[in-house]
Amino acid sequence: ASKKLYISQSAVSQSIKALEGKLSQTLFIRNTKKVRLTAEGEILLRHIEPAISLIRRGESRLLDSSSTGGQIQIAASDTICRYFLVPYIERFHQAFPSVHIKVINATSIQCVELLKNGQADFIVVNHPNAYLNHLWSIRSIKQFRDVFIANQSFAHLKDRTLSLAELSEYPLLMLNKNSTTSEFLHSLFQQHALELVPEAELSSNDLLIDLARIGLGIAFVPDYCLPEQSETLFIVNTKETLPDRELALVYNDKLPTSPAVTEFLNYFEP
């Protein structure tokens, strides 16, 4: 800390002591080998970390203002990165090879926190998303529909159209509860007065597809991540029409953006 601040170690210690005195709280636990935060220190860190990130972001913007350089920070889920963002990232990298691209993988819910804390320049998330701040700029960039998929173990369902009530009798595979997709499906079942009790809840759509492929159950996944050709998987038709959802690009237009970020956002102009 003293090296980064260009001050002596004793000055750092005095500053910490003064801060602890002002707050009447012990923030650090010190011993001969290491220093760690107390519970109170963890609380303070959580509150000041967003401000620190914004300061660093402002410094980065100033350094990058003269040219298209520096770094862009994108937050999105594994599925969105792999099946949607990769071609845009490749195109941008070819056009601006000097720009460092940092991709943070997180659920759509976690991405909102990263944007709020200034740890991402923009995020690409599922929409509707109740966690979004509607004061931000929210731009729809792709429509998609979720589907139920199964393998030949459920071949008797191929030519049938099942209600959600009928589907609930089968083992269902879906994303875990820390996702907008889980909230969406649970809400859909609740609208039809049905209880959704999945066979498995996982953190990856790719893993859901793999488990559906071996016949563990019927998986609920976005249509854009389905294999283009598959002899083993098929879509299970439903009587209820599932609402369309969107991928949304979200950023805080109240904050200045670097030339690099502006160039990337331009890829999604209507």
# chains A, B, ... in the order shown; residues from 1 in each chain; ligands from 1

call {"tool": "select_by_dssp", "arguments": {"residues": "segment 1-147 of chain A", "states": "strand (DSSP E or B)", "output": "ChimeraX atom specification"}}
result
/A:28-30,35-37,71-76,100-105,122-127,137-144,146-147

call {"tool": "write_last_selection", "arguments": {"atoms": "C-alpha atoms", "output": "PDB file, in the first residue's frame"}}
result
ATOM      1  CA  PHE A  28      -8.245  -4.589  10.249  1.00  0.00           C
ATOM      2  CA  ILE A  29      -7.068  -7.648  12.145  1.00  0.00           C
ATOM      3  CA  ARG A  30      -3.273  -7.608  12.226  1.00  0.00           C
ATOM      4  CA  VAL A  35      -3.580  -8.393   7.663  1.00  0.00           C
ATOM      5  CA  ARG A  36      -7.268  -9.048   7.007  1.00  0.00           C
ATOM      6  CA  LEU A  37     -10.499  -7.106   7.239  1.00  0.00           C
ATOM      7  CA  GLN A  71      -9.561  -0.976 -22.293  1.00  0.00           C
ATOM      8  CA  ILE A  72     -13.230  -1.873 -22.530  1.00  0.00           C
ATOM      9  CA  GLN A  73     -14.992  -3.933 -19.868  1.00  0.00           C
ATOM     10  CA  ILE A  74     -17.970  -6.054 -20.921  1.00  0.00           C
ATOM     11  CA  ALA A  75     -20.092  -8.151 -18.563  1.00  0.00           C
ATOM     12  CA  ALA A  76     -22.375 -10.921 -19.851  1.00  0.00           C
ATOM     13  CA  HIS A 100      -7.563  -4.494 -24.209  1.00  0.00           C
ATOM     14  CA  ILE A 101     -10.938  -6.275 -24.021  1.00  0.00           C
ATOM     15  CA  LYS A 102     -11.922  -7.509 -20.574  1.00  0.00           C
ATOM     16  CA  VAL A 103     -14.931  -9.846 -20.546  1.00  0.00           C
ATOM     17  CA  ILE A 104     -16.497 -10.591 -17.164  1.00  0.00           C
ATOM     18  CA  ASN A 105     -18.702 -13.687 -17.071  1.00  0.00           C
ATOM     19  CA  PHE A 122     -21.676  -1.935 -20.427  1.00  0.00           C
ATOM     20  CA  ILE A 123     -23.491  -5.226 -20.008  1.00  0.00           C
ATOM     21  CA  VAL A 124     -25.473  -7.523 -22.296  1.00  0.00           C
ATOM     22  CA  VAL A 125     -28.264  -9.232 -20.377  1.00  0.00           C
ATOM     23  CA  ASN A 126     -31.602 -10.968 -20.713  1.00  0.00           C
ATOM     24  CA  HIS A 127     -34.613  -8.654 -20.758  1.00  0.00           C
ATOM     25  CA  SER A 137     -29.783   3.358 -21.454  1.00  0.00           C
ATOM     26  CA  ILE A 138     -31.372  -0.007 -22.326  1.00  0.00           C
ATOM     27  CA  ARG A 139     -31.111  -0.987 -25.995  1.00  0.00           C
ATOM     28  CA  SER A 140     -32.788  -4.126 -27.386  1.00  0.00           C
ATOM     29  CA  ILE A 141     -30.331  -5.874 -29.729  1.00  0.00           C
ATOM     30  CA  LYS A 142     -31.804  -9.357 -30.285  1.00  0.00           C
ATOM     31  CA  GLN A 143     -35.118 -11.152 -29.826  1.00  0.00           C
ATOM     32  CA  PHE A 144     -35.222 -14.803 -28.864  1.00  0.00           C
ATOM     33  CA  ASP A 146     -36.944 -20.091 -24.918  1.00  0.00           C
ATOM     34  CA  VAL A 147     -37.684 -23.718 -25.840  1.00  0.00           C
TER      35      VAL A 147
END

call {"tool": "closest_residue", "arguments": {"among": "A:Thr181, A:Thr238, A:Gln191, A:Ser13", "to": "Thr161 of chain A", "atoms": "only C-alpha atoms"}}
result
A:Thr238

call {"tool": "atom_distance", "arguments": {"atom1": "atom CA of Asn133 of chain A", "atom2": "atom CA of Arg145 of chain A"}}
result
23.7 Å

call {"tool": "closest_residue", "arguments": {"among": "A:Ser204, A:Asn31, A:Asn151, A:Thr257", "to": "Leu54 of chain A", "atoms": "only C-alpha atoms"}}
result
A:Thr257

call {"tool": "residues_around", "arguments": {"residues": "Asn205 of chain A", "least_positions_apart": "2", "cutoff": "9 Å", "atoms": "only C-alpha atoms", "output": "list in words"}}
result
Asp78, Thr79, Met174, Leu175, Leu202, Ser203, Leu207, Leu208, Ile209, Asp210, Ala219, Phe220, Val221, Pro222 and Cys225 of chain A

call {"tool": "write_last_selection", "arguments": {"atoms": "N, CA and C atoms", "output": "JSON list (two decimals), in the first residue's frame"}}
result
[["chain", "number", "residue", "atom", "x", "y", "z"],
["A", 78, "ASP", "N", -22.12, -16.55, -19.68],
["A", 78, "ASP", "CA", -21.37, -17.45, -20.56],
["A", 78, "ASP", "C", -22.12, -17.68, -21.87],
["A", 79, "THR", "N", -23.43, -17.91, -21.76],
["A", 79, "THR", "CA", -24.23, -18.21, -22.95],
["A", 79, "THR", "C", -24.26, -17.03, -23.91],
["A", 174, "MET", "N", -33.23, -26.90, -15.78],
["A", 174, "MET", "CA", -33.26, -25.46, -16.01],
["A", 174, "MET", "C", -32.10, -24.77, -15.29],
["A", 175, "LEU", "N", -31.92, -23.49, -15.58],
["A", 175, "LEU", "CA", -30.90, -22.71, -14.89],
["A", 175, "LEU", "C", -31.28, -22.51, -13.43],
["A", 202, "LEU", "N", -29.01, -25.85, -12.87],
["A", 202, "LEU", "CA", -27.58, -25.74, -13.15],
["A", 202, "LEU", "C", -27.23, -24.30, -13.50],
["A", 203, "SER", "N", -25.93, -24.03, -13.64],
["A", 203, "SER", "CA", -25.48, -22.67, -13.91],
["A", 203, "SER", "C", -25.11, -22.45, -15.37],
["A", 207, "LEU", "N", -24.38, -27.05, -20.29],
["A", 207, "LEU", "CA", -24.52, -28.27, -19.49],
["A", 207, "LEU", "C", -25.95, -28.79, -19.54],
["A", 208, "LEU", "N", -26.92, -27.89, -19.56],
["A", 208, "LEU", "CA", -28.32, -28.32, -19.70],
["A", 208, "LEU", "C", -28.52, -29.07, -21.01],
["A", 209, "ILE", "N", -27.93, -28.55, -22.10],
["A", 209, "ILE", "CA", -28.05, -29.21, -23.40],
["A", 209, "ILE", "C", -27.38, -30.58, -23.36],
["A", 210, "ASP", "N", -26.21, -30.66, -22.72],
["A", 210, "ASP", "CA", -25.50, -31.95, -22.61],
["A", 210, "ASP", "C", -26.33, -32.97, -21.84],
["A", 219, "ALA", "N", -34.83, -30.06, -21.13],
["A", 219, "ALA", "CA", -34.13, -28.84, -20.74],
["A", 219, "ALA", "C", -34.82, -27.60, -21.31],
["A", 220, "PHE", "N", -34.73, -26.52, -20.55],
["A", 220, "PHE", "CA", -35.31, -25.22, -20.94],
["A", 220, "PHE", "C", -34.15, -24.29, -21.25],
["A", 221, "VAL", "N", -34.01, -23.93, -22.54],
["A", 221, "VAL", "CA", -32.84, -23.14, -22.97],
["A", 221, "VAL", "C", -33.27, -22.11, -24.02],
["A", 222, "PRO", "N", -32.46, -21.04, -24.23],
["A", 222, "PRO", "CA", -32.75, -20.08, -25.30],
["A", 222, "PRO", "C", -32.54, -20.72, -26.67],
["A", 225, "CYS", "N", -29.00, -20.79, -28.66],
["A", 225, "CYS", "CA", -27.84, -21.61, -28.31],
["A", 225, "CYS", "C", -28.03, -23.08, -28.67]]

call {"tool": "select_by_dssp", "arguments": {"residues": "segment 106-254 of chain A", "states": "helix (DSSP H, G or I)", "output": "compact mmCIF listing (two decimals) with all heavy atoms, in the first residue's frame"}}
result
# COMPACT_ATOMS: atom_id res chain seq x y z
N SER A 108 -27.08 -12.61 -15.57
CA SER A 108 -27.67 -11.32 -15.92
C SER A 108 -27.95 -10.48 -14.67
O SER A 108 -27.86 -9.26 -14.70
CB SER A 108 -28.97 -11.53 -16.71
OG SER A 108 -28.68 -11.98 -18.02
N ILE A 109 -28.27 -11.15 -13.56
CA ILE A 109 -28.51 -10.43 -12.31
C ILE A 109 -27.20 -9.86 -11.77
O ILE A 109 -27.13 -8.69 -11.37
CB ILE A 109 -29.17 -11.35 -11.27
CG1 ILE A 109 -30.58 -11.76 -11.75
CG2 ILE A 109 -29.25 -10.69 -9.90
CD1 ILE A 109 -31.25 -12.82 -10.89
N GLN A 110 -26.14 -10.66 -11.79
CA GLN A 110 -24.84 -10.20 -11.30
C GLN A 110 -24.26 -9.09 -12.18
O GLN A 110 -23.59 -8.19 -11.69
CB GLN A 110 -23.87 -11.38 -11.23
CG GLN A 110 -24.24 -12.42 -10.18
CD GLN A 110 -23.48 -13.72 -10.34
OE1 GLN A 110 -22.94 -14.01 -11.41
NE2 GLN A 110 -23.44 -14.52 -9.28
N CYS A 111 -24.55 -9.16 -13.50
CA CYS A 111 -24.05 -8.13 -14.41
C CYS A 111 -24.58 -6.75 -14.04
O CYS A 111 -23.87 -5.74 -14.17
CB CYS A 111 -24.47 -8.46 -15.85
SG CYS A 111 -23.50 -9.78 -16.60
N VAL A 112 -25.81 -6.69 -13.58
CA VAL A 112 -26.40 -5.41 -13.18
C VAL A 112 -25.59 -4.80 -12.04
O VAL A 112 -25.32 -3.60 -12.02
CB VAL A 112 -27.88 -5.59 -12.78
CG1 VAL A 112 -28.45 -4.29 -12.22
CG2 VAL A 112 -28.70 -6.05 -13.98
N GLU A 113 -25.18 -5.64 -11.08
CA GLU A 113 -24.37 -5.15 -9.97
C GLU A 113 -23.02 -4.64 -10.45
O GLU A 113 -22.51 -3.63 -9.97
CB GLU A 113 -24.17 -6.26 -8.93
CG GLU A 113 -25.38 -6.54 -8.06
CD GLU A 113 -25.81 -5.32 -7.27
OE1 GLU A 113 -24.95 -4.69 -6.61
OE2 GLU A 113 -27.01 -4.97 -7.31
N LEU A 114 -22.43 -5.34 -11.41
CA LEU A 114 -21.13 -4.91 -11.96
C LEU A 114 -21.25 -3.55 -12.63
O LEU A 114 -20.37 -2.69 -12.48
CB LEU A 114 -20.62 -5.95 -12.97
CG LEU A 114 -20.21 -7.30 -12.37
CD1 LEU A 114 -19.97 -8.32 -13.48
CD2 LEU A 114 -18.95 -7.16 -11.52
N LEU A 115 -22.34 -3.32 -13.35
CA LEU A 115 -22.55 -2.01 -13.99
C LEU A 115 -22.79 -0.95 -12.93
O LEU A 115 -22.23 0.16 -13.01
CB LEU A 115 -23.74 -2.09 -14.96
CG LEU A 115 -24.05 -0.80 -15.72
CD1 LEU A 115 -22.90 -0.42 -16.65
CD2 LEU A 115 -25.34 -0.96 -16.53
N LYS A 116 -23.58 -1.28 -11.94
CA LYS A 116 -23.89 -0.33 -10.87
C LYS A 116 -22.62 0.09 -10.12
O LYS A 116 -22.48 1.24 -9.74
CB LYS A 116 -24.89 -0.98 -9.91
CG LYS A 116 -25.41 -0.05 -8.83
CD LYS A 116 -26.29 -0.81 -7.84
CE LYS A 116 -27.50 -1.43 -8.51
NZ LYS A 116 -28.37 -2.16 -7.54
N GLN A 152 -34.05 -38.66 -27.70
CA GLN A 152 -34.91 -39.72 -28.19
C GLN A 152 -35.54 -40.56 -27.08
O GLN A 152 -36.45 -41.34 -27.34
CB GLN A 152 -34.13 -40.62 -29.16
CG GLN A 152 -33.59 -39.89 -30.39
CD GLN A 152 -34.67 -39.11 -31.12
OE1 GLN A 152 -35.76 -39.64 -31.40
NE2 GLN A 152 -34.38 -37.85 -31.44
N SER A 153 -35.07 -40.39 -25.84
CA SER A 153 -35.72 -41.07 -24.72
C SER A 153 -37.17 -40.60 -24.56
O SER A 153 -38.00 -41.30 -23.99
CB SER A 153 -34.97 -40.80 -23.42
OG SER A 153 -33.64 -41.21 -23.50
N PHE A 154 -37.43 -39.38 -25.10
CA PHE A 154 -38.77 -38.80 -25.02
C PHE A 154 -39.40 -38.71 -26.42
O PHE A 154 -40.21 -37.83 -26.69
CB PHE A 154 -38.69 -37.40 -24.39
CG PHE A 154 -38.12 -37.39 -23.00
CD1 PHE A 154 -36.75 -37.23 -22.81
CD2 PHE A 154 -38.93 -37.56 -21.89
CE1 PHE A 154 -36.21 -37.21 -21.53
CE2 PHE A 154 -38.40 -37.55 -20.61
CZ PHE A 154 -37.03 -37.39 -20.43
N ALA A 155 -39.01 -39.66 -27.29
CA ALA A 155 -39.47 -39.63 -28.69
C ALA A 155 -40.99 -39.66 -28.80
O ALA A 155 -41.55 -39.14 -29.77
CB ALA A 155 -38.86 -40.79 -29.46
N HIS A 156 -41.67 -40.20 -27.81
CA HIS A 156 -43.14 -40.27 -27.85
C HIS A 156 -43.78 -38.88 -27.76
O HIS A 156 -44.98 -38.73 -28.01
CB HIS A 156 -43.67 -41.16 -26.73
CG HIS A 156 -43.28 -40.70 -25.36
ND1 HIS A 156 -42.01 -40.83 -24.84
CD2 HIS A 156 -44.02 -40.09 -24.38
CE1 HIS A 156 -41.97 -40.33 -23.63
NE2 HIS A 156 -43.18 -39.87 -23.32
N LEU A 157 -42.97 -37.86 -27.42
CA LEU A 157 -43.50 -36.49 -27.33
C LEU A 157 -43.33 -35.70 -28.62
O LEU A 157 -43.82 -34.58 -28.73
CB LEU A 157 -42.80 -35.73 -26.18
CG LEU A 157 -42.89 -36.35 -24.79
CD1 LEU A 157 -42.13 -35.48 -23.79
CD2 LEU A 157 -44.35 -36.49 -24.36
N LEU A 164 -48.26 -26.83 -20.26
CA LEU A 164 -47.26 -26.71 -19.20
C LEU A 164 -47.56 -27.66 -18.05
O LEU A 164 -46.66 -28.20 -17.41
CB LEU A 164 -47.21 -25.27 -18.68
CG LEU A 164 -46.67 -24.21 -19.66
CD1 LEU A 164 -46.70 -22.83 -19.01
CD2 LEU A 164 -45.26 -24.54 -20.11
N ALA A 165 -48.85 -27.90 -17.82
CA ALA A 165 -49.25 -28.85 -16.77
C ALA A 165 -48.74 -30.25 -17.09
O ALA A 165 -48.24 -30.97 -16.21
CB ALA A 165 -50.76 -28.85 -16.59
N GLU A 166 -48.86 -30.64 -18.35
CA GLU A 166 -48.37 -31.95 -18.77
C GLU A 166 -46.84 -32.01 -18.69
O GLU A 166 -46.26 -33.01 -18.28
CB GLU A 166 -48.84 -32.27 -20.19
CG GLU A 166 -50.35 -32.51 -20.29
CD GLU A 166 -50.82 -32.61 -21.72
OE1 GLU A 166 -50.44 -31.75 -22.56
OE2 GLU A 166 -51.59 -33.54 -22.02
N LEU A 167 -46.19 -30.93 -19.10
CA LEU A 167 -44.73 -30.87 -19.05
C LEU A 167 -44.21 -31.02 -17.63
O LEU A 167 -43.16 -31.62 -17.40
CB LEU A 167 -44.24 -29.54 -19.63
CG LEU A 167 -43.73 -29.53 -21.07
CD1 LEU A 167 -43.37 -28.12 -21.48
CD2 LEU A 167 -42.53 -30.46 -21.24
N THR A 180 -32.20 -14.68 -14.43
CA THR A 180 -33.46 -14.14 -14.91
C THR A 180 -34.28 -15.21 -15.63
O THR A 180 -35.51 -15.16 -15.62
CB THR A 180 -33.22 -12.96 -15.87
OG1 THR A 180 -32.33 -13.37 -16.91
CG2 THR A 180 -32.62 -11.77 -15.14
N THR A 181 -33.59 -16.19 -16.24
CA THR A 181 -34.30 -17.27 -16.94
C THR A 181 -35.10 -18.11 -15.95
O THR A 181 -36.25 -18.48 -16.22
CB THR A 181 -33.31 -18.16 -17.71
OG1 THR A 181 -32.65 -17.36 -18.70
CG2 THR A 181 -34.03 -19.31 -18.40
N SER A 182 -34.52 -18.39 -14.80
CA SER A 182 -35.24 -19.15 -13.77
C SER A 182 -36.45 -18.35 -13.29
O SER A 182 -37.56 -18.90 -13.15
CB SER A 182 -34.32 -19.45 -12.59
OG SER A 182 -35.03 -20.04 -11.53
N GLU A 183 -36.26 -17.06 -13.03
CA GLU A 183 -37.38 -16.22 -12.60
C GLU A 183 -38.48 -16.19 -13.66
O GLU A 183 -39.67 -16.23 -13.33
CB GLU A 183 -36.87 -14.80 -12.32
CG GLU A 183 -35.97 -14.71 -11.09
CD GLU A 183 -35.57 -13.28 -10.79
OE1 GLU A 183 -35.88 -12.38 -11.59
OE2 GLU A 183 -34.94 -13.06 -9.74
N PHE A 184 -38.07 -16.12 -14.92
CA PHE A 184 -39.03 -16.08 -16.03
C PHE A 184 -39.88 -17.36 -16.08
O PHE A 184 -41.10 -17.30 -16.18
CB PHE A 184 -38.26 -15.91 -17.35
CG PHE A 184 -39.09 -16.06 -18.59
CD1 PHE A 184 -39.97 -15.06 -18.99
CD2 PHE A 184 -39.00 -17.20 -19.37
CE1 PHE A 184 -40.73 -15.19 -20.14
CE2 PHE A 184 -39.76 -17.35 -20.51
CZ PHE A 184 -40.63 -16.34 -20.91
N LEU A 185 -39.22 -18.53 -15.98
CA LEU A 185 -39.95 -19.79 -16.07
C LEU A 185 -40.83 -20.02 -14.84
O LEU A 185 -41.98 -20.46 -14.98
CB LEU A 185 -38.98 -20.96 -16.26
CG LEU A 185 -39.64 -22.31 -16.57
CD1 LEU A 185 -40.49 -22.23 -17.83
CD2 LEU A 185 -38.59 -23.41 -16.72
N HIS A 186 -40.34 -19.70 -13.67
CA HIS A 186 -41.16 -19.85 -12.46
C HIS A 186 -42.39 -18.95 -12.55
O HIS A 186 -43.50 -19.36 -12.20
CB HIS A 186 -40.34 -19.50 -11.21
CG HIS A 186 -39.52 -20.63 -10.69
ND1 HIS A 186 -40.06 -21.65 -9.93
CD2 HIS A 186 -38.21 -20.92 -10.83
CE1 HIS A 186 -39.11 -22.51 -9.61
NE2 HIS A 186 -37.98 -22.09 -10.14
N SER A 187 -42.20 -17.71 -13.06
CA SER A 187 -43.32 -16.78 -13.21
C SER A 187 -44.34 -17.32 -14.21
O SER A 187 -45.55 -17.22 -13.99
CB SER A 187 -42.80 -15.42 -13.66
OG SER A 187 -43.87 -14.55 -13.95
N LEU A 188 -43.84 -17.92 -15.28
CA LEU A 188 -44.72 -18.48 -16.31
C LEU A 188 -45.59 -19.60 -15.73
O LEU A 188 -46.81 -19.65 -15.98
CB LEU A 188 -43.88 -19.01 -17.47
CG LEU A 188 -44.59 -19.38 -18.76
CD1 LEU A 188 -45.26 -18.15 -19.40
CD2 LEU A 188 -43.61 -20.00 -19.76
N PHE A 189 -45.00 -20.47 -14.95
CA PHE A 189 -45.76 -21.55 -14.34
C PHE A 189 -46.76 -21.00 -13.31
O PHE A 189 -47.89 -21.48 -13.23
CB PHE A 189 -44.80 -22.56 -13.68
CG PHE A 189 -44.36 -23.67 -14.60
CD1 PHE A 189 -43.59 -23.39 -15.72
CD2 PHE A 189 -44.75 -24.97 -14.37
CE1 PHE A 189 -43.18 -24.40 -16.58
CE2 PHE A 189 -44.36 -26.00 -15.23
CZ PHE A 189 -43.57 -25.71 -16.35
N GLN A 190 -46.35 -20.00 -12.56
CA GLN A 190 -47.25 -19.41 -11.56
C GLN A 190 -48.46 -18.77 -12.23
O GLN A 190 -49.57 -18.83 -11.68
CB GLN A 190 -46.49 -18.37 -10.74
CG GLN A 190 -45.52 -18.97 -9.74
CD GLN A 190 -44.64 -17.93 -9.07
OE1 GLN A 190 -44.79 -16.74 -9.31
NE2 GLN A 190 -43.71 -18.37 -8.24
N GLN A 191 -48.27 -18.16 -13.41
CA GLN A 191 -49.38 -17.56 -14.14
C GLN A 191 -50.44 -18.59 -14.51
O GLN A 191 -51.61 -18.25 -14.70
CB GLN A 191 -48.87 -16.87 -15.41
CG GLN A 191 -48.07 -15.60 -15.15
CD GLN A 191 -47.39 -15.10 -16.40
OE1 GLN A 191 -47.83 -15.38 -17.52
NE2 GLN A 191 -46.30 -14.37 -16.24
N ASN A 205 -26.16 -23.18 -19.60
CA ASN A 205 -27.05 -23.70 -20.65
C ASN A 205 -26.38 -24.82 -21.44
O ASN A 205 -27.04 -25.76 -21.88
CB ASN A 205 -27.46 -22.58 -21.60
CG ASN A 205 -28.60 -21.74 -21.04
OD1 ASN A 205 -29.66 -22.25 -20.71
ND2 ASN A 205 -28.39 -20.44 -20.93
N ASP A 206 -25.07 -24.72 -21.64
CA ASP A 206 -24.36 -25.79 -22.36
C ASP A 206 -24.48 -27.11 -21.62
O ASP A 206 -24.68 -28.16 -22.22
CB ASP A 206 -22.88 -25.42 -22.53
CG ASP A 206 -22.67 -24.34 -23.57
OD1 ASP A 206 -23.52 -24.22 -24.48
OD2 ASP A 206 -21.66 -23.62 -23.50
N LEU A 207 -24.38 -27.05 -20.29
CA LEU A 207 -24.52 -28.27 -19.49
C LEU A 207 -25.95 -28.79 -19.54
O LEU A 207 -26.17 -30.01 -19.59
CB LEU A 207 -24.09 -28.00 -18.05
CG LEU A 207 -23.99 -29.21 -17.12
CD1 LEU A 207 -23.11 -30.29 -17.72
CD2 LEU A 207 -23.45 -28.78 -15.75
N LEU A 208 -26.92 -27.89 -19.56
CA LEU A 208 -28.32 -28.32 -19.70
C LEU A 208 -28.52 -29.07 -21.01
O LEU A 208 -29.19 -30.10 -21.05
CB LEU A 208 -29.25 -27.10 -19.66
CG LEU A 208 -29.42 -26.39 -18.31
CD1 LEU A 208 -30.27 -25.15 -18.47
CD2 LEU A 208 -30.04 -27.33 -17.28
N ILE A 209 -27.93 -28.55 -22.10
CA ILE A 209 -28.05 -29.21 -23.40
C ILE A 209 -27.38 -30.58 -23.36
O ILE A 209 -27.92 -31.58 -23.87
CB ILE A 209 -27.43 -28.33 -24.51
CG1 ILE A 209 -28.27 -27.06 -24.68
CG2 ILE A 209 -27.34 -29.09 -25.83
CD1 ILE A 209 -27.64 -26.02 -25.59
N ASP A 210 -26.21 -30.66 -22.72
CA ASP A 210 -25.50 -31.95 -22.61
C ASP A 210 -26.33 -32.97 -21.84
O ASP A 210 -26.40 -34.15 -22.22
CB ASP A 210 -24.15 -31.75 -21.91
CG ASP A 210 -23.13 -31.02 -22.79
OD1 ASP A 210 -23.34 -31.00 -24.02
OD2 ASP A 210 -22.16 -30.47 -22.23
N LEU A 211 -26.96 -32.52 -20.75
CA LEU A 211 -27.76 -33.46 -19.94
C LEU A 211 -29.04 -33.88 -20.67
O LEU A 211 -29.50 -35.01 -20.53
CB LEU A 211 -28.09 -32.83 -18.59
CG LEU A 211 -26.89 -32.58 -17.67
CD1 LEU A 211 -27.37 -32.04 -16.32
CD2 LEU A 211 -26.06 -33.84 -17.47
N ALA A 212 -29.60 -32.95 -21.44
CA ALA A 212 -30.77 -33.32 -22.27
C ALA A 212 -30.35 -34.32 -23.34
O ALA A 212 -31.10 -35.26 -23.65
CB ALA A 212 -31.36 -32.07 -22.92
N ARG A 213 -29.14 -34.16 -23.85
CA ARG A 213 -28.65 -35.05 -24.91
C ARG A 213 -28.49 -36.49 -24.42
O ARG A 213 -28.66 -37.43 -25.19
CB ARG A 213 -27.32 -34.51 -25.45
CG ARG A 213 -26.83 -35.24 -26.70
CD ARG A 213 -25.55 -34.62 -27.24
NE ARG A 213 -25.85 -33.42 -28.02
CZ ARG A 213 -25.45 -32.19 -27.70
NH1 ARG A 213 -24.75 -32.00 -26.60
NH2 ARG A 213 -25.74 -31.16 -28.47
N ASP A 223 -33.38 -20.36 -27.62
CA ASP A 223 -33.29 -21.00 -28.94
C ASP A 223 -31.98 -20.68 -29.67
O ASP A 223 -31.52 -21.46 -30.50
CB ASP A 223 -34.50 -20.64 -29.82
CG ASP A 223 -34.67 -19.14 -30.04
OD1 ASP A 223 -33.80 -18.35 -29.62
OD2 ASP A 223 -35.70 -18.76 -30.64
N TYR A 224 -31.35 -19.55 -29.36
CA TYR A 224 -30.15 -19.17 -30.12
C TYR A 224 -28.91 -19.99 -29.74
O TYR A 224 -27.89 -19.91 -30.40
CB TYR A 224 -29.86 -17.68 -29.98
CG TYR A 224 -29.52 -17.19 -28.59
CD1 TYR A 224 -28.24 -17.32 -28.07
CD2 TYR A 224 -30.50 -16.59 -27.79
CE1 TYR A 224 -27.94 -16.87 -26.79
CE2 TYR A 224 -30.19 -16.13 -26.51
CZ TYR A 224 -28.92 -16.27 -26.02
OH TYR A 224 -28.63 -15.83 -24.76
N CYS A 225 -29.00 -20.79 -28.66
CA CYS A 225 -27.84 -21.61 -28.31
C CYS A 225 -28.03 -23.08 -28.67
O CYS A 225 -27.21 -23.93 -28.31
CB CYS A 225 -27.48 -21.45 -26.84
SG CYS A 225 -28.68 -22.11 -25.68

call {"tool": "atom_distance", "arguments": {"atom1": "atom CA of Ala260 of chain A", "atom2": "atom CA of Arg46 of chain A"}}
result
28.6 Å

call {"tool": "closest_residue", "arguments": {"among": "A:Ile89, A:Leu172, A:Cys81, A:Ile48", "to": "Glu201 of chain A", "atoms": "only C-alpha atoms"}}
result
A:Leu172

call {"tool": "atom_distance", "arguments": {"atom1": "atom CA of Leu85 of chain A", "atom2": "atom CA of Glu228 of chain A"}}
result
17.5 Å
